[in-house]
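*Asks:* Just so it is clear, I am handing over start32.txt, which has compact mmCIF, C-alpha atoms.
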```
# COMPACT_ATOMS: atom_id res chain seq x y z
CA ASN A 1 24.89 8.99 1.13
CA HIS A 2 26.51 11.09 3.87
CA GLY A 3 23.22 12.21 5.40
CA LYS A 4 21.41 13.34 2.28
CA PRO A 5 17.71 12.75 2.86
CA ARG A 6 16.02 10.77 0.10
CA LEU A 7 12.53 10.75 1.60
CA VAL A 8 11.33 13.21 4.22
CA LYS A 9 7.83 13.52 5.54
CA PHE A 10 6.95 15.68 8.55
CA TYR A 11 3.61 15.01 10.21
CA GLN A 12 4.15 17.72 12.81
CA SER A 13 4.93 21.21 11.62
CA VAL A 14 8.43 22.59 11.68
CA GLU A 15 8.46 26.36 11.32
CA SER A 16 10.92 26.81 8.46
CA GLU A 17 12.88 24.87 5.91
CA ALA A 18 16.11 25.84 7.65
CA LEU A 19 14.77 24.36 10.88
CA GLN A 20 13.72 21.19 9.02
CA GLN A 21 17.23 20.83 7.62
CA SER A 22 18.65 21.36 11.10
CA VAL A 23 16.41 18.60 12.51
CA ILE A 24 17.35 16.24 9.67
CA ARG A 25 21.06 16.93 10.15
CA ARG A 26 20.86 16.43 13.94
CA VAL A 27 18.88 13.20 13.58
CA PHE A 28 21.32 11.79 11.02
CA GLN A 29 24.34 12.69 13.14
CA GLN A 30 22.83 10.96 16.17
CA VAL A 31 21.76 7.83 14.31
CA ALA A 32 24.83 7.44 12.08
CA ALA A 33 27.19 7.72 15.05
CA ARG A 34 25.71 4.62 16.69
CA PRO A 35 27.18 1.19 15.99
CA ASP A 36 24.84 -1.39 14.44
CA SER A 37 25.15 -3.48 17.62
CA PHE A 38 23.28 -0.81 19.64
CA CYS A 39 19.50 -0.83 20.01
CA ASN A 40 17.47 0.93 17.32
CA TYR A 41 16.01 3.80 19.30
CA LEU A 42 17.05 7.05 20.95
CA GLU A 43 15.02 9.26 23.27
CA GLY A 44 14.59 13.02 23.56
CA ILE A 45 17.05 14.32 20.98
CA VAL A 46 14.72 16.53 18.93
CA PRO A 47 14.28 19.66 21.07
CA GLU A 48 11.96 21.29 18.49
CA TRP A 49 9.36 18.65 19.37
CA GLY A 50 9.96 18.40 23.12
CA ASP A 51 11.61 15.88 25.41
CA HIS A 52 9.17 13.03 24.87
CA ILE A 53 10.19 12.09 21.35
CA LYS A 54 11.87 8.83 20.38
CA LEU A 55 13.81 8.11 17.24
CA ILE A 56 13.27 4.58 16.04
CA TYR A 57 15.37 3.53 13.07
CA ARG A 58 16.72 0.68 10.97
CA HIS A 59 19.91 0.72 8.95
CA TYR A 60 19.89 -1.19 5.65
CA ALA A 61 23.10 -1.03 3.59
CA THR A 62 23.47 2.71 2.79
CA LEU A 63 19.95 3.68 3.85
CA TYR A 64 18.61 4.74 7.23
CA PHE A 65 14.86 4.61 7.83
CA VAL A 66 14.09 6.86 10.80
CA PHE A 67 10.76 7.60 12.48
CA ALA A 68 10.40 10.23 15.20
CA VAL A 69 7.48 9.24 17.43
CA ASP A 70 6.02 10.17 20.80
CA GLN A 71 6.27 8.06 23.97
CA GLN A 72 2.91 6.40 23.33
CA GLU A 73 4.16 4.50 20.27
CA SER A 74 5.49 0.99 20.67
CA ASP A 75 9.15 0.67 19.77
CA LEU A 76 8.62 -2.82 18.37
CA GLY A 77 5.51 -1.67 16.50
CA ILE A 78 7.47 1.06 14.73
CA LEU A 79 10.32 -1.33 13.95
CA ASP A 80 7.70 -3.63 12.40
CA LEU A 81 6.30 -0.68 10.43
CA ILE A 82 9.79 0.08 9.07
CA GLN A 83 10.21 -3.58 8.14
CA VAL A 84 6.87 -3.60 6.28
CA PHE A 85 7.81 -0.38 4.48
CA VAL A 86 11.18 -1.77 3.37
CA GLU A 87 9.60 -5.09 2.31
CA ALA A 88 6.98 -3.22 0.26
CA LEU A 89 9.74 -1.15 -1.37
CA ASP A 90 11.69 -4.34 -2.11
CA LYS A 91 8.66 -5.94 -3.76
CA CYS A 92 7.95 -2.86 -5.87
CA PHE A 93 11.53 -2.14 -6.92
CA GLU A 94 13.17 -5.59 -6.67
CA ASN A 95 15.95 -4.94 -4.16
CA VAL A 96 15.33 -1.30 -3.40
CA CYS A 97 18.32 1.01 -3.51
CA GLU A 98 18.98 4.69 -3.04
CA LEU A 99 18.40 5.45 -6.72
CA ASP A 100 14.88 3.99 -6.53
CA LEU A 101 14.06 6.47 -3.77
CA ILE A 102 15.44 9.32 -5.86
CA PHE A 103 13.97 8.52 -9.27
CA HIS A 104 10.63 7.08 -8.12
CA SER A 105 9.84 9.37 -5.22
CA ASP A 106 6.15 9.55 -6.19
CA ARG A 107 5.79 5.78 -5.87
CA VAL A 108 7.78 5.74 -2.63
CA HIS A 109 5.51 8.41 -1.15
CA TYR A 110 2.46 6.42 -2.26
CA ILE A 111 3.77 3.29 -0.52
CA LEU A 112 4.45 5.24 2.66
CA ASP A 113 0.97 6.79 2.48
CA GLU A 114 -0.52 3.29 2.38
CA ILE A 115 1.18 2.59 5.71
CA VAL A 116 1.11 5.99 7.46
CA MET A 117 -1.26 8.87 6.76
CA GLY A 118 -1.24 12.15 8.66
CA GLY A 119 1.03 10.66 11.31
CA MET A 120 -1.34 7.78 12.07
CA VAL A 121 -0.38 4.20 11.30
CA LEU A 122 -2.98 2.84 8.88
CA GLU A 123 -1.72 -0.57 7.91
CA THR A 124 1.18 -2.85 8.81
CA ASN A 125 -0.06 -6.01 7.10
CA ILE A 126 2.37 -6.47 4.21
CA HIS A 127 -0.17 -8.39 2.13
CA ALA A 128 -2.77 -5.61 2.43
CA VAL A 129 -0.19 -2.96 1.57
CA LEU A 130 1.05 -4.90 -1.47
CA GLN A 131 -2.51 -5.54 -2.66
CA SER A 132 -3.29 -1.83 -2.44
CA ILE A 133 -0.12 -1.00 -4.39
CA LYS A 134 -1.01 -3.63 -6.99
CA ASP A 135 -4.55 -2.21 -7.31
CA GLN A 136 -3.20 1.32 -7.72
CA GLY A 137 -0.75 0.12 -10.38
CA LYS A 138 -3.59 -1.60 -12.26
CA MET A 139 -5.73 1.55 -12.14
CA HIS A 140 -2.77 3.59 -13.39
CA GLN A 141 -2.16 1.15 -16.25
CA ASP A 142 -5.88 1.16 -17.15
CA SER A 143 -5.90 4.96 -17.25
CA LEU A 144 -2.86 4.97 -19.53
CA THR A 145 -4.52 2.43 -21.82
CA GLN A 146 -7.73 4.48 -21.97
CA GLN A 147 -5.77 7.66 -22.54
CA SER A 148 -3.72 6.18 -25.38
CA THR A 149 -6.86 4.65 -26.97
CA GLY A 150 -8.62 8.01 -26.73
CA THR A 151 -5.60 9.80 -28.18
CA GLU A 152 -5.40 7.40 -31.13
CA ALA A 153 -9.13 7.77 -31.82
CA ALA A 154 -8.89 11.56 -31.61
CA ALA A 155 -5.89 11.57 -33.96
CA ALA A 156 -7.70 9.31 -36.43
CA GLY A 157 -10.79 11.55 -36.28
CA SER A 158 -8.65 14.62 -36.84
CA MET A 159 -6.91 13.03 -39.83
CA GLN A 160 -10.24 11.91 -41.23
CA SER A 161 -11.69 15.43 -41.03
CA ARG A 162 -8.59 16.87 -42.76
CA LEU A 163 -9.02 14.39 -45.58
CA GLY A 164 -12.61 15.41 -46.16
CA GLY A 165 -14.24 12.80 -43.95
CA ASP A 166 -13.32 9.78 -46.09
CA THR A 167 -11.89 6.72 -44.47
CA TRP A 168 -8.68 5.57 -46.05
CA GLN A 169 -7.43 2.04 -45.74
CA TYR A 170 -3.95 1.00 -46.52
CA ASN A 171 -3.19 -2.63 -47.22
CA TRP A 172 0.54 -2.94 -47.45
```
Go ahead and render the structure in this file as structure tokens.
*Replies:*
Amino acid sequence: NHGKPRLVKFYQSVESEALQQSVIRRVFQQVAARPDSFCNYLEGIVPEWGDHIKLIYRHYATLYFVFAVDQQESDLGILDLIQVFVEALDKCFENVCELDLIFHSDRVHYILDEIVMGGMVLETNIHAVLQSIKDQGKMHQDSLTQQSTGTEAAAAGSMQSRLGGDTWQYNW
């Protein structure tokens, strides 16, 4: 993907969009230049956020998952978080790929929000995350069912009023 971000979420403000793009470009250049045999973290390479920032990342096929965190975060904990995020994406999209991130960005953001909210890690238990995603999907499906039932009833009522209130039955 040559450094094109597919999902970006800043939990600490960056003053302008140009500065955000600069940070993203710098992070990608640093991470992409490293061989896969190197460890999965870098320290202090985001000057906009100070010297005490670590980049923790995982590289899967054509995708890089990168988290910029402060010194207090556990490197292994963040690697686990990335693993849970990718596993949740895999379960939801059956072998997640770049196109899933592009065409289903709302679902991807929802999955990430189940794991991290406002910069705080909420949940890293894959079963809890998947259950929450399943529950949300069920609620979404129920709302669509209710909406379509309500739409059909409204359309039938509208047709009935146009026909003078009589109910017509067709037996074909």
*Asks:* Counting all atoms listed in the file, what is within 7 Å of region 4-16 of chain A, bar same-chain residues fewer than 2 positions away, as an MDAnalysis selection string?
*Replies:* chainID A and resid 1:2 18:20 101:102 118:119
*Asks:* Let me make sure I understand: among A:Ile133, A:Ile56, A:Leu99, A:Leu144, which one has the smallest atom-to-atom distance to Val31 (chain A) if we use all atoms listed in the file?
*Replies:*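 The answer is A:Ile56, which sits nearest to Val31 (chain A).
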*Asks:* Identify which of the residues A:Asp135, A:Glu73, A:Glu94, A:Glu43 lies closest to Met120 (chain A), counting all atoms listed in the file when measuring atom-to-atom distances.
*Replies:*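 Residue with the minimum atom-to-atom distance to Met120 (chain A): A:Glu73.
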*Asks:* Pick out the closest residue to Ala68 (chain A) from this set: A:Glu123, A:Glu48, A:Glu87, A:Glu98. Count only C-alpha atoms.
*Replies:*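 That would be A:Glu48, the residue with the smallest distance to Ala68 (chain A).
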*Asks:* Quick one: distance from CA of Ala33 (chain A) to CA of Ile111 (chain A) in Å, one decimal?
*Replies:*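 Computed distance, CA of Ala33 (chain A) to CA of Ile111 (chain A), equals 28.5 Å.
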*Asks:* How many Å separate CA of Asn40 (chain A) from CA of Glu17 (chain A)?
*Replies:* 26.9 Å
*Asks:* Of the residues A:Tyr110, A:Val46, A:Tyr57, A:Ile115, which is the one nearest to Gln136 (chain A), using only C-alpha atoms?
*Replies:* A:Tyr110
*Asks:* Provide the CA of Asp90 (chain A) to CA of Thr124 (chain A) distance in Å, to one decimal place.
*Replies:* 15.2 Å
*Asks:* If I put a ball of radius 7 Å at (7.4, 10.8, 20.6) in the file's coordinates, which residues poke into it when counting all atoms listed in the file, written as a ChimeraX atom specification?
*Replies:* /A:52-54,68-72
*Asks:* Which residue, A:Thr149, A:Val108, A:Pro35, A:Leu55, has the smallest gap to Val86 (chain A) when you use only C-alpha atoms?
*Replies:* A:Val108
*Asks:* When you count only C-alpha atoms, which of these residues is closest to His59 (chain A): A:Asp100, A:Asp36, A:Asp142, A:Asp106?
*Replies:*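 Counting only C-alpha atoms, the residue closest to His59 (chain A) is A:Asp36.
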*Asks:* Tell me, as a list of chain:residue names, which residues lie within 12 Å of Leu122 (chain A), counting all atoms listed in the file; anything in the same chain fewer than 4 positions away does not count.
*Replies:*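 Surrounding residues, per the criterion: A:Leu81, A:Ile111, A:Leu112, A:Asp113, A:Glu114, A:Ile115, A:Val116, A:Met117, A:Gly118, A:Ile126, A:Ala128, A:Val129.
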